[in-house]
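S.K.: Structure file data.cif (mmCIF, C-alpha atoms) is given on the next line.
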```cif
data_model
#
loop_
_atom_site.label_atom_id
_atom_site.label_comp_id
_atom_site.auth_asym_id
_atom_site.auth_seq_id
_atom_site.Cartn_x
_atom_site.Cartn_y
_atom_site.Cartn_z
CA LYS U 172 31.35 6.38 -11.26
CA LEU U 173 27.75 5.98 -12.37
CA ALA U 174 26.70 3.00 -14.42
CA PRO U 175 25.29 3.89 -17.85
CA ARG U 176 21.60 4.54 -18.18
CA PRO U 177 20.09 1.61 -20.10
CA GLU U 178 17.61 2.27 -22.89
CA VAL U 179 14.06 1.55 -21.76
CA HIS U 180 10.90 1.17 -23.81
CA ARG U 181 7.32 0.93 -22.58
CA GLY U 182 5.36 -2.25 -23.22
CA GLU U 183 1.79 -3.04 -24.24
CA PRO U 184 -1.02 -2.36 -21.75
CA LEU U 185 -2.97 -4.99 -19.87
CA ASP U 186 -5.96 -5.57 -22.16
CA ALA U 187 -9.20 -7.51 -21.75
CA LYS U 188 -7.80 -10.65 -23.36
CA LYS U 189 -4.73 -10.78 -21.10
CA TRP U 190 -6.84 -9.89 -18.06
CA ALA U 191 -9.23 -12.77 -18.75
CA GLU U 192 -6.30 -15.19 -18.83
CA PHE U 193 -5.55 -14.37 -15.19
CA HIS U 194 -9.05 -15.33 -14.02
CA ALA U 195 -9.46 -18.78 -12.48
CA ALA U 196 -12.73 -20.66 -12.97
CA ASN U 197 -13.98 -19.37 -9.61
CA GLY U 198 -13.14 -15.75 -10.47
CA ALA U 199 -9.94 -15.39 -8.42
CA ILE U 200 -6.88 -13.73 -10.00
CA THR U 201 -4.20 -16.35 -10.47
CA ASP U 202 -0.96 -14.36 -10.72
CA PRO U 203 -1.20 -10.85 -9.20
CA ASN U 204 2.55 -10.27 -9.42
CA ARG U 205 2.52 -10.86 -13.16
CA VAL U 206 -0.49 -8.56 -13.51
CA ARG U 207 1.37 -5.81 -11.66
CA ASP U 208 4.42 -6.32 -13.87
CA ILE U 209 2.36 -5.92 -17.05
CA ILE U 210 0.71 -2.79 -15.64
CA PHE U 211 4.06 -1.31 -14.68
CA ARG U 212 5.37 -1.95 -18.17
CA GLY U 213 2.38 -0.65 -20.12
CA GLY U 214 -0.55 0.46 -18.00
CA ILE U 215 -4.15 -0.72 -18.42
CA SER U 216 -6.52 -0.54 -21.39
CA ASP U 217 -9.38 1.91 -20.96
CA ASP U 218 -12.12 -0.72 -21.18
CA ILE U 219 -10.91 -2.68 -18.11
CA ARG U 220 -9.23 0.11 -16.14
CA ALA U 221 -12.09 0.66 -13.68
CA GLU U 222 -12.22 -3.04 -12.85
CA VAL U 223 -8.47 -3.44 -12.36
CA TRP U 224 -8.14 -0.28 -10.28
CA LYS U 225 -10.40 -1.88 -7.67
CA TYR U 226 -7.73 -4.54 -7.19
CA LEU U 227 -4.78 -2.14 -7.21
CA LEU U 228 -6.50 0.03 -4.59
CA GLY U 229 -7.67 -2.79 -2.35
CA LEU U 230 -11.44 -2.74 -2.80
CA ASP U 231 -11.25 -6.15 -4.47
CA LEU U 232 -8.84 -8.79 -3.22
CA TRP U 233 -6.83 -10.80 -5.74
CA GLU U 234 -7.52 -14.15 -4.06
CA HIS U 235 -11.28 -13.70 -3.77
CA THR U 236 -13.68 -15.76 -5.83
CA ALA U 237 -16.41 -13.98 -7.79
CA ALA U 238 -18.91 -14.72 -5.03
CA GLU U 239 -16.55 -13.47 -2.32
CA ARG U 240 -15.83 -10.34 -4.33
CA GLU U 241 -19.51 -9.47 -4.69
CA ALA U 242 -20.13 -10.12 -0.99
CA ARG U 243 -17.23 -7.84 -0.05
CA ARG U 244 -18.46 -5.06 -2.34
CA SER U 245 -21.94 -5.33 -0.86
CA SER U 246 -20.57 -5.15 2.68
CA LYS U 247 -18.33 -2.21 1.84
CA THR U 248 -21.22 -0.38 0.20
CA GLN U 249 -23.34 -0.74 3.33
CA GLU U 250 -20.44 0.46 5.47
CA TYR U 251 -19.97 3.51 3.26
CA PHE U 252 -23.59 4.62 3.43
CA LEU U 253 -23.64 4.09 7.20
CA MET U 254 -20.71 6.52 7.59
CA LYS U 255 -22.31 8.91 5.13
CA LEU U 256 -25.48 8.90 7.21
CA GLN U 257 -23.45 9.90 10.27
CA TRP U 258 -22.50 13.32 8.89
CA GLN U 259 -25.79 13.82 7.08
CA THR U 260 -27.66 13.53 10.39
CA ILE U 261 -25.48 15.93 12.39
CA THR U 262 -27.83 18.59 13.77
CA PRO U 263 -27.17 22.33 13.42
CA ILE U 264 -26.47 22.50 17.16
CA GLN U 265 -23.94 19.67 16.92
CA GLU U 266 -22.23 21.33 13.96
CA GLY U 267 -22.15 24.63 15.81
CA ASN U 268 -20.32 22.94 18.68
CA PHE U 269 -17.83 21.10 16.44
CA THR U 270 -15.24 23.56 15.13
CA GLY U 271 -13.06 20.94 13.47
CA TYR U 272 -15.98 19.52 11.53
CA ARG U 273 -17.15 22.97 10.36
CA GLU U 274 -13.66 23.90 9.18
CA ARG U 275 -13.24 20.69 7.20
CA LYS U 276 -16.70 20.97 5.69
CA CYS U 277 -15.99 24.55 4.62
CA GLN U 278 -12.65 23.60 3.01
CA ILE U 279 -14.22 20.69 1.15
CA GLU U 280 -16.98 22.92 -0.22
CA LYS U 281 -14.39 25.43 -1.45
CA ASP U 282 -12.13 22.80 -3.06
CA VAL U 283 -14.92 20.84 -4.76
CA LYS U 284 -16.04 23.98 -6.59
CA ARG U 285 -12.61 24.32 -8.22
CA THR U 286 -11.59 20.69 -8.80
CA ASP U 287 -11.29 19.58 -12.45
CA ARG U 288 -14.11 21.87 -13.58
CA THR U 289 -12.64 21.98 -17.11
CA TYR U 290 -13.40 18.28 -17.54
CA GLU U 291 -16.87 17.39 -18.83
CA PHE U 292 -17.51 15.01 -15.92
CA PHE U 293 -17.36 17.92 -13.44
CA ALA U 294 -18.33 20.83 -15.69
CA GLY U 295 -21.32 23.12 -15.33
CA ASP U 296 -23.52 24.32 -12.52
CA ASN U 297 -25.62 21.91 -10.45
CA ASN U 298 -23.50 18.98 -11.64
CA PRO U 299 -24.50 15.86 -9.65
CA ASN U 300 -20.92 14.57 -9.88
CA LEU U 301 -19.76 17.51 -7.76
CA VAL U 302 -22.26 16.42 -5.12
CA LYS U 303 -20.80 12.91 -5.24
CA LEU U 304 -17.28 14.33 -4.92
CA GLN U 305 -18.28 16.36 -1.88
CA ASP U 306 -20.20 13.49 -0.30
CA ILE U 307 -17.24 11.12 -0.58
CA LEU U 308 -14.84 13.64 0.95
CA MET U 309 -17.27 14.39 3.78
CA THR U 310 -17.63 10.66 4.43
CA TYR U 311 -13.85 10.31 4.52
CA VAL U 312 -13.87 12.84 7.36
CA MET U 313 -16.07 10.42 9.30
CA TYR U 314 -13.90 7.46 8.26
CA ASN U 315 -10.67 9.11 9.36
CA PHE U 316 -11.32 11.62 12.14
CA ASP U 317 -7.61 12.22 12.80
CA LEU U 318 -6.80 13.34 9.26
CA GLY U 319 -10.22 14.52 8.14
CA TYR U 320 -9.61 16.61 5.04
CA VAL U 321 -6.55 18.45 3.74
CA GLN U 322 -6.24 20.54 0.59
CA GLY U 323 -5.13 18.33 -2.28
CA MET U 324 -7.24 15.31 -1.38
CA SER U 325 -9.97 16.36 -3.82
CA ASP U 326 -7.35 16.17 -6.58
CA LEU U 327 -6.66 12.54 -5.69
CA LEU U 328 -10.33 11.56 -5.62
CA ALA U 329 -11.52 13.26 -8.82
CA PRO U 330 -9.99 10.88 -11.41
CA ILE U 331 -11.15 7.87 -9.38
CA LEU U 332 -14.75 9.07 -9.30
CA CYS U 333 -14.54 10.04 -12.97
CA LEU U 334 -13.58 6.46 -13.83
CA VAL U 335 -15.43 4.31 -11.27
CA HIS U 336 -18.66 6.39 -11.04
CA LYS U 337 -20.27 4.44 -8.21
CA GLN U 338 -20.03 6.48 -5.04
CA ALA U 339 -19.28 3.72 -2.52
CA GLU U 340 -16.76 1.97 -4.75
CA SER U 341 -15.05 5.27 -5.52
CA PHE U 342 -14.83 5.97 -1.80
CA TRP U 343 -13.07 2.70 -0.99
CA CYS U 344 -10.69 3.10 -3.93
CA PHE U 345 -9.90 6.57 -2.57
CA VAL U 346 -9.27 5.05 0.87
CA GLY U 347 -6.80 2.66 -0.76
CA PHE U 348 -5.03 5.53 -2.51
CA MET U 349 -4.87 7.56 0.70
CA GLN U 350 -3.22 4.62 2.47
CA LYS U 351 -0.40 4.88 -0.08
CA VAL U 352 0.10 8.64 0.35
CA PHE U 353 -1.13 9.12 3.91
CA ASN U 354 2.17 10.63 5.11
CA ASN U 355 1.86 13.39 2.49
CA PHE U 356 -0.83 14.95 4.66
CA ASP U 357 0.90 14.88 8.06
CA ILE U 358 0.09 18.03 10.02
CA ASP U 359 3.79 18.58 10.73
CA GLN U 360 4.63 17.69 7.09
CA LYS U 361 7.19 15.18 8.33
CA GLY U 362 6.38 12.81 5.48
CA MET U 363 6.80 15.50 2.84
CA LYS U 364 10.07 16.69 4.35
CA GLN U 365 11.46 13.14 4.27
CA GLN U 366 10.48 12.74 0.63
CA LEU U 367 12.13 16.05 -0.27
CA GLU U 368 15.27 14.89 1.53
CA ASN U 369 15.22 11.57 -0.35
CA LEU U 370 14.71 13.41 -3.63
CA ARG U 371 17.67 15.65 -2.83
CA THR U 372 19.84 12.60 -2.09
CA LEU U 373 18.77 10.92 -5.31
CA LEU U 374 19.31 13.96 -7.53
CA ALA U 375 22.74 14.65 -6.02
CA PHE U 376 23.76 11.10 -6.92
CA VAL U 377 22.48 10.88 -10.49
CA ASN U 378 22.84 14.47 -11.73
CA GLU U 379 25.70 16.23 -10.00
CA LYS U 380 25.68 19.12 -12.48
CA LEU U 381 22.07 20.04 -11.82
CA TYR U 382 22.37 19.51 -8.09
CA LYS U 383 25.40 21.82 -7.95
CA TYR U 384 23.49 24.47 -9.88
CA LEU U 385 20.56 24.23 -7.48
CA THR U 386 22.92 24.43 -4.49
CA ASP U 387 24.69 27.48 -5.90
CA ASN U 388 21.31 29.15 -6.32
CA GLN U 389 19.89 28.25 -2.90
CA SER U 390 17.36 25.87 -4.48
CA GLU U 391 18.65 22.48 -3.31
CA ASN U 392 15.78 22.27 -0.81
CA MET U 393 13.64 20.98 -3.73
CA TYR U 394 10.56 22.82 -2.45
CA PHE U 395 9.51 23.54 -6.05
CA CYS U 396 8.68 19.80 -6.26
CA PHE U 397 6.24 20.03 -3.35
CA ARG U 398 3.10 19.90 -5.49
CA TRP U 399 4.38 16.96 -7.51
CA LEU U 400 4.84 14.89 -4.38
CA LEU U 401 1.74 16.06 -2.51
CA VAL U 402 -0.81 15.04 -5.17
CA TRP U 403 1.36 12.67 -7.21
CA PHE U 404 1.67 14.90 -10.29
CA LYS U 405 -2.10 15.30 -10.58
CA ARG U 406 -1.84 18.89 -11.82
CA GLU U 407 1.00 18.18 -14.24
CA PHE U 408 -0.86 15.81 -16.57
CA CYS U 409 -4.24 15.49 -18.28
CA ASN U 410 -6.67 12.91 -16.91
CA ALA U 411 -5.71 10.16 -19.38
CA ASP U 412 -2.01 10.55 -18.59
CA ILE U 413 -2.45 10.79 -14.82
CA MET U 414 -4.49 7.60 -14.84
CA LEU U 415 -1.61 5.83 -16.59
CA LEU U 416 1.00 7.30 -14.27
CA TRP U 417 -0.95 6.49 -11.10
CA GLU U 418 -1.64 2.87 -12.03
CA VAL U 419 2.06 2.42 -12.76
CA LEU U 420 2.96 3.86 -9.36
CA TRP U 421 0.28 1.79 -7.58
CA THR U 422 2.03 -1.42 -8.64
CA GLY U 423 4.86 -0.59 -6.22
CA LEU U 424 7.35 -1.51 -8.95
CA PRO U 425 10.26 -1.43 -9.32
CA CYS U 426 10.50 0.13 -5.86
CA PRO U 427 8.18 1.91 -3.40
CA ASN U 428 9.71 5.30 -4.18
CA PHE U 429 9.47 5.20 -7.95
CA HIS U 430 7.60 8.52 -7.86
CA LEU U 431 10.89 10.12 -6.80
CA PHE U 432 12.52 8.80 -9.95
CA VAL U 433 9.68 10.39 -11.92
CA CYS U 434 10.61 13.70 -10.25
CA VAL U 435 14.26 13.26 -11.18
CA ALA U 436 13.33 12.39 -14.77
CA ILE U 437 11.36 15.64 -15.13
CA LEU U 438 14.16 17.69 -13.56
CA ASP U 439 16.68 15.93 -15.80
CA GLN U 440 14.60 16.98 -18.80
CA GLU U 441 14.44 20.62 -17.65
CA MET U 442 18.08 20.98 -16.53
CA ASP U 443 19.27 22.99 -19.53
CA VAL U 444 16.32 25.37 -19.20
CA PHE U 445 17.24 26.08 -15.56
CA ILE U 446 20.94 26.53 -16.18
CA ASP U 447 20.85 28.36 -19.52
CA GLY U 448 18.20 30.70 -18.16
CA ASN U 449 20.18 31.32 -14.97
CA PHE U 450 16.99 30.57 -13.02
CA THR U 451 16.61 31.53 -9.38
CA PHE U 452 14.42 29.53 -6.98
CA THR U 453 11.39 31.66 -7.87
CA ASP U 454 12.07 31.21 -11.59
CA ILE U 455 12.34 27.44 -11.15
CA LEU U 456 9.12 27.29 -9.15
CA LYS U 457 7.27 29.32 -11.80
CA HIS U 458 8.66 27.22 -14.65
CA VAL U 459 7.87 23.93 -12.91
CA ASN U 460 4.26 24.99 -12.36
CA GLU U 461 3.98 26.01 -16.00
CA LEU U 462 4.94 22.51 -17.11
CA SER U 463 1.34 21.45 -16.47
CA GLY U 464 -0.06 19.84 -19.59
CA ASN U 465 3.30 19.97 -21.39
CA LEU U 466 4.92 16.74 -20.20
CA ASN U 467 5.17 13.48 -22.15
CA VAL U 468 4.18 10.78 -19.67
CA THR U 469 5.62 7.92 -21.76
CA ALA U 470 9.03 9.58 -22.15
CA ILE U 471 9.14 10.46 -18.46
CA LEU U 472 8.29 6.91 -17.35
CA GLU U 473 10.99 5.51 -19.64
CA GLN U 474 13.53 8.00 -18.30
CA ALA U 475 12.51 7.34 -14.70
CA GLU U 476 12.99 3.59 -15.08
CA SER U 477 16.31 4.14 -16.83
CA ILE U 478 17.51 6.29 -13.92
CA TYR U 479 16.31 3.68 -11.43
CA LEU U 480 18.28 0.94 -13.23
CA GLN U 481 21.33 3.21 -13.33
CA VAL U 482 21.18 3.76 -9.58
CA LYS U 483 20.56 0.08 -8.82
CA ASN U 484 23.39 -1.10 -11.09
CA THR U 485 25.78 1.50 -9.69
CA ILE U 486 25.28 0.68 -6.01
CA GLU U 487 25.37 -3.06 -6.67
CA THR U 488 28.99 -2.77 -7.83
CA ALA U 489 30.07 0.10 -5.58
CA LYS U 490 32.44 -0.31 -2.67
CA GLU U 491 30.60 2.34 -0.68
CA PRO U 492 27.53 1.20 1.29
CA HIS U 493 25.19 3.91 -0.11
CA VAL U 494 22.82 3.23 2.77
CA GLU U 495 20.37 6.05 2.04
CA LEU U 496 20.12 5.19 -1.64
CA ARG U 497 19.51 1.54 -0.83
CA LYS U 498 16.68 2.58 1.47
CA ILE U 499 15.19 4.77 -1.26
CA ILE U 500 15.06 1.89 -3.74
CA GLY U 501 13.58 -0.40 -1.12
CA GLU U 502 16.54 -2.62 -0.32
CA GLU U 503 16.96 -3.97 3.18
CA VAL U 504 19.94 -2.40 4.92
CA SER U 505 21.72 -4.18 7.75
CA PRO U 506 22.10 -1.97 10.82
CA ALA U 507 25.62 -0.60 10.94
CA GLY U 508 27.69 -1.35 13.99
CA THR U 509 27.86 1.59 16.36
CA SER U 510 30.61 2.21 18.84
CA GLY U 511 29.63 2.76 22.45
CA THR U 512 29.84 6.17 24.04
CA SER U 513 30.85 6.97 27.55
CA GLY U 514 28.53 8.57 30.07
CA SER U 515 30.48 11.80 29.94
CA GLU U 516 30.12 11.98 26.16
CA GLU U 517 26.40 11.43 26.49
CA ASP U 518 26.24 14.21 29.09
CA ASP U 519 28.17 16.50 26.76
CA ASP U 520 25.74 15.70 23.94
CA SER U 521 22.81 16.48 26.22
CA CYS U 522 24.34 19.81 27.18
CA MET U 523 25.01 20.68 23.55
CA SER U 524 21.44 19.80 22.57
CA ILE U 525 20.16 22.22 25.20
CA VAL U 526 22.50 24.95 24.00
CA ASN U 527 21.50 24.41 20.38
CA GLU U 528 17.80 23.93 20.99
CA LYS U 529 16.77 27.49 20.22
CA SER U 530 18.87 27.75 17.05
CA LEU U 531 17.49 24.43 15.80
CA ASP U 532 13.96 25.63 16.48
CA ASP U 533 14.67 28.80 14.52
CA GLN U 534 16.03 26.78 11.63
CA GLU U 535 12.99 24.51 11.67
CA MET U 536 10.65 27.53 11.62
CA ALA U 537 12.53 29.05 8.69
CA ILE U 538 12.35 25.77 6.78
CA GLN U 539 8.63 25.47 7.50
CA ARG U 540 8.00 29.01 6.27
CA LYS U 541 9.82 28.20 3.03
CA ILE U 542 7.85 24.99 2.55
CA ASP U 543 4.55 26.76 3.23
CA GLU U 544 5.42 29.50 0.75
CA ALA U 545 6.31 26.99 -1.97
CA CYS U 546 3.17 24.97 -1.23
CA ASP U 547 0.90 28.00 -1.39
CA LEU U 548 2.42 29.17 -4.66
CA SER U 549 2.24 25.69 -6.21
CA MET U 550 -1.30 24.87 -5.15
CA SER U 551 -2.63 28.30 -6.11
CA PHE U 552 -1.84 27.82 -9.81
CA ALA U 553 -5.07 27.26 -11.72
CA LEU U 554 -5.62 23.83 -13.25
CA PHE U 555 -4.98 23.67 -16.96
#
```
In structure tokens, what does this structure look like?
M.R.:
Amino acid sequence: KLAPRPEVHRGEPLDAKKWAEFHAANGAITDPNRVRDIIFRGGISDDIRAEVWKYLLGLDLWEHTAAEREARRSSKTQEYFLMKLQWQTITPIQEGNFTGYRERKCQIEKDVKRTDRTYEFFAGDNNPNLVKLQDILMTYVMYNFDLGYVQGMSDLLAPILCLVHKQAESFWCFVGFMQKVFNNFDIDQKGMKQQLENLRTLLAFVNEKLYKYLTDNQSENMYFCFRWLLVWFKREFCNADIMLLWEVLWTGLPCPNFHLFVCVAILDQEMDVFIDGNFTFTDILKHVNELSGNLNVTAILEQAESIYLQVKNTIETAKEPHVELRKIIGEEVSPAGTSGTSGSEEDDDSCMSIVNEKSLDDQEMAIQRKIDEACDLSMSFALF
């Protein structure tokens, strides 16, 4: 039996007065945990948001004095422009012999042209901010050769650049954000698949009615949430709301997977629409994409926290171990005792794995095709 969902209300944002109280005489931040708690409860006021984001994203370090902070920024700025110079000085012959580089450069150029163009900061032809956006993404290719650039990364950078303005500082804030969502861009999509599995586990636990409906309609794979997870709801909210949502998520409170509770809160809100409309998977995907610009970020954050507290309170008093749920909310789980297996059983398992190898491969290919289809449909929707 699920514990009741407690009523949750958002708090006041971290403002300039409160922020100043956390500064020691030497410029260090005295209580980062308390700062994060205030941000989780209410976000950050507009006038100090750019400064605080640099801490949340790791450009500035909480313990650094003012002098140490300035020295670090100066060093990081020099490092950025050194990496930028590397791709700017690639010769035409080098580029012609570097297929991976050409492909990434081409994709960046395409994506920059269609990223947040409805916002004034990126609007119009020959906008210098588009050049900055492209330069930062190209420099990230040099910073992280293995990942390079993947569609969706421009969505994550755009609000940062829009707020921070300075190219080098925006780059390092983007690096910090990418460290938090790096697994979203795995080539084999392993990270995304695990998040979809965790989301499925969570929804099945807190909303059995909706989960049963999705299962009955071959939609329990949750692929219609792919875009939400990939770019952390960037295309679902306006810039002001996504800034609030992201800074809440960057605190890591109340658990590392709070973004999954945000997903569940949105699905919870749309449950009656799905069921009353007898929606198929395609209908759900279309409806979810059309939610862009029509979601109340405050209500969703309150609902998400309420669901988190419900799950936490339920498993704390449950007799069942709920191992997967405990992992999702960030609790340490003791390794369960496993019984030994005989050599013959291991041999049998090996034989069975060989027999089933082809069918498992086929299943994996089918799953991948479904994910790719959902991703393509989600990411192709124009920004609102």
S.K.: Where does range 453-495 of chain U meet range 175-196 of chain U within 7 Å, residue by residue, with the nearest atom pair and distance in Å to one decimal for each, counting only C-alpha atoms, listed by chain and rising number, as a Markdown table?
M.R.:
```
| residue | atom | partner | partner_atom | distance |
| --- | --- | --- | --- | --- |
| U:Glu473 | CA | U:Val179 | CA | 5.4 |
| U:Ser477 | CA | U:Arg176 | CA | 5.5 |
| U:Ile478 | CA | U:Arg176 | CA | 6.2 |
| U:Leu480 | CA | U:Arg176 | CA | 7.0 |
| U:Gln481 | CA | U:Arg176 | CA | 5.0 |
```
S.K.: Which value, in Å to one decimal, gives the distance between CA of Asp357 in chain U and CA of Lys498 in chain U?
M.R.: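 Between CA of Asp357 in chain U and CA of Lys498 in chain U the gap is 21.1 Å.
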S.K.: Please compute the CA of Arg275 in chain U-CA of Pro263 in chain U distance, one decimal, in Å.
M.R.: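 So the answer is 15.3 Å.
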S.K.: What do you get, as a ChimeraX atom specification, if you spell out every residue that the PyMOL selection byres ((chain U and resi 451) around 12) selects here?
M.R.: /U:384-391,395,444-450,452-458
S.K.: Any chance you could resolve the PyMOL selection byres ((chain U and resi 361-373) around 9) against this file and give the residues as JSON, numbers by chain?
M.R.: {"U": [353, 354, 355, 356, 357, 358, 359, 360, 374, 375, 376, 377, 378, 382, 391, 392, 393, 394, 396, 397, 400, 401, 428, 431, 432, 434, 435, 482, 495, 496, 499, 542]}
S.K.: Taking C-alpha atoms for each residue, export the selection above as a short mmCIF file (atom, residue, chain, number, x, y, z; two decimals), keeping the file's coordinate frame.
M.R.:
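Written output follows (result_5.cif):
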```cif
data_model
loop_
_atom_site.label_atom_id
_atom_site.label_comp_id
_atom_site.auth_asym_id
_atom_site.auth_seq_id
_atom_site.Cartn_x
_atom_site.Cartn_y
_atom_site.Cartn_z
CA PHE U 353 -1.13 9.12 3.91
CA ASN U 354 2.17 10.63 5.11
CA ASN U 355 1.86 13.39 2.49
CA PHE U 356 -0.83 14.95 4.66
CA ASP U 357 0.90 14.88 8.06
CA ILE U 358 0.09 18.03 10.02
CA ASP U 359 3.79 18.58 10.73
CA GLN U 360 4.63 17.69 7.09
CA LEU U 374 19.31 13.96 -7.53
CA ALA U 375 22.74 14.65 -6.02
CA PHE U 376 23.76 11.10 -6.92
CA VAL U 377 22.48 10.88 -10.49
CA ASN U 378 22.84 14.47 -11.73
CA TYR U 382 22.37 19.51 -8.09
CA GLU U 391 18.65 22.48 -3.31
CA ASN U 392 15.78 22.27 -0.81
CA MET U 393 13.64 20.98 -3.73
CA TYR U 394 10.56 22.82 -2.45
CA CYS U 396 8.68 19.80 -6.26
CA PHE U 397 6.24 20.03 -3.35
CA LEU U 400 4.84 14.89 -4.38
CA LEU U 401 1.74 16.06 -2.51
CA ASN U 428 9.71 5.30 -4.18
CA LEU U 431 10.89 10.12 -6.80
CA PHE U 432 12.52 8.80 -9.95
CA CYS U 434 10.61 13.70 -10.25
CA VAL U 435 14.26 13.26 -11.18
CA VAL U 482 21.18 3.76 -9.58
CA GLU U 495 20.37 6.05 2.04
CA LEU U 496 20.12 5.19 -1.64
CA ILE U 499 15.19 4.77 -1.26
CA ILE U 542 7.85 24.99 2.55
#
```
S.K.: Using all atoms listed in the file, which protein or nucleic acid residues come within 10 Å of range 209-221 of chain U? Drop anything in the same chain fewer than 3 positions from it, and give the result as a PyMOL selection string.
M.R.: chain U and resi 180-187+189-190+203-206+224-226+331-336+341+411+414-425+469+472-473+476
S.K.: Report the distance between CA of Gly501 in chain U and CA of Phe348 in chain U in Å, rounded to one decimal place.
M.R.: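 Rounded to one decimal, the two atoms are 19.6 Å apart.
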S.K.: On this structure, which residues satisfy the PyMOL selection byres ((chain U and resi 244-258) around 8), written as a ChimeraX atom specification?
M.R.: /U:230-231,240-243,259-261,306-307,309-310,313-314,339-340,342-343
S.K.: Using only C-alpha atoms, which residue out of U:Met442, U:Leu318, U:Cys409, U:Ala489 lies closest to Gly464 in chain U?
M.R.: U:Cys409
S.K.: Please define a box with edges along x, y and z of the file around all atoms of range 235-245 of chain U given in the file, extend it by 8 Å on each side, and return its centre and edge lengths in Å to one decimal, as lines of an AutoDock Vina configuration file.
M.R.:
```
center_x = -16.6
center_y = -10.4
center_z = -3.9
size_x = 26.7
size_y = 26.7
size_z = 23.7
```
S.K.: Write out as a list of chain:residue names the residues lying within 9 Å of range 276-279 of chain U, counting all atoms listed in the file and excluding same-chain residues fewer than 3 positions away.
M.R.: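 My reading of the contact set: U:Gly271, U:Tyr272, U:Arg273, U:Asp282, U:Val283, U:Lys284, U:Gln305, U:Leu308, U:Met309, U:Val312, U:Tyr320, U:Val321, U:Gln322, U:Ser325.
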S.K.: Between U:Ala237, U:Gly198, U:Asp439, U:Glu503, which one has atoms that come closest to Cys426 in chain U, using all atoms listed in the file?
M.R.: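 Nearest candidate to Cys426 in chain U out of U:Ala237, U:Gly198, U:Asp439, U:Glu503: U:Glu503.
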S.K.: Restricting the calculation to only C-alpha atoms: of U:Ala199, U:Glu280, U:Asp317, U:Cys344, which residue gets closest to Glu239 in chain U?
M.R.: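 Checking each candidate against Glu239 in chain U, we get U:Ala199 as the closest.
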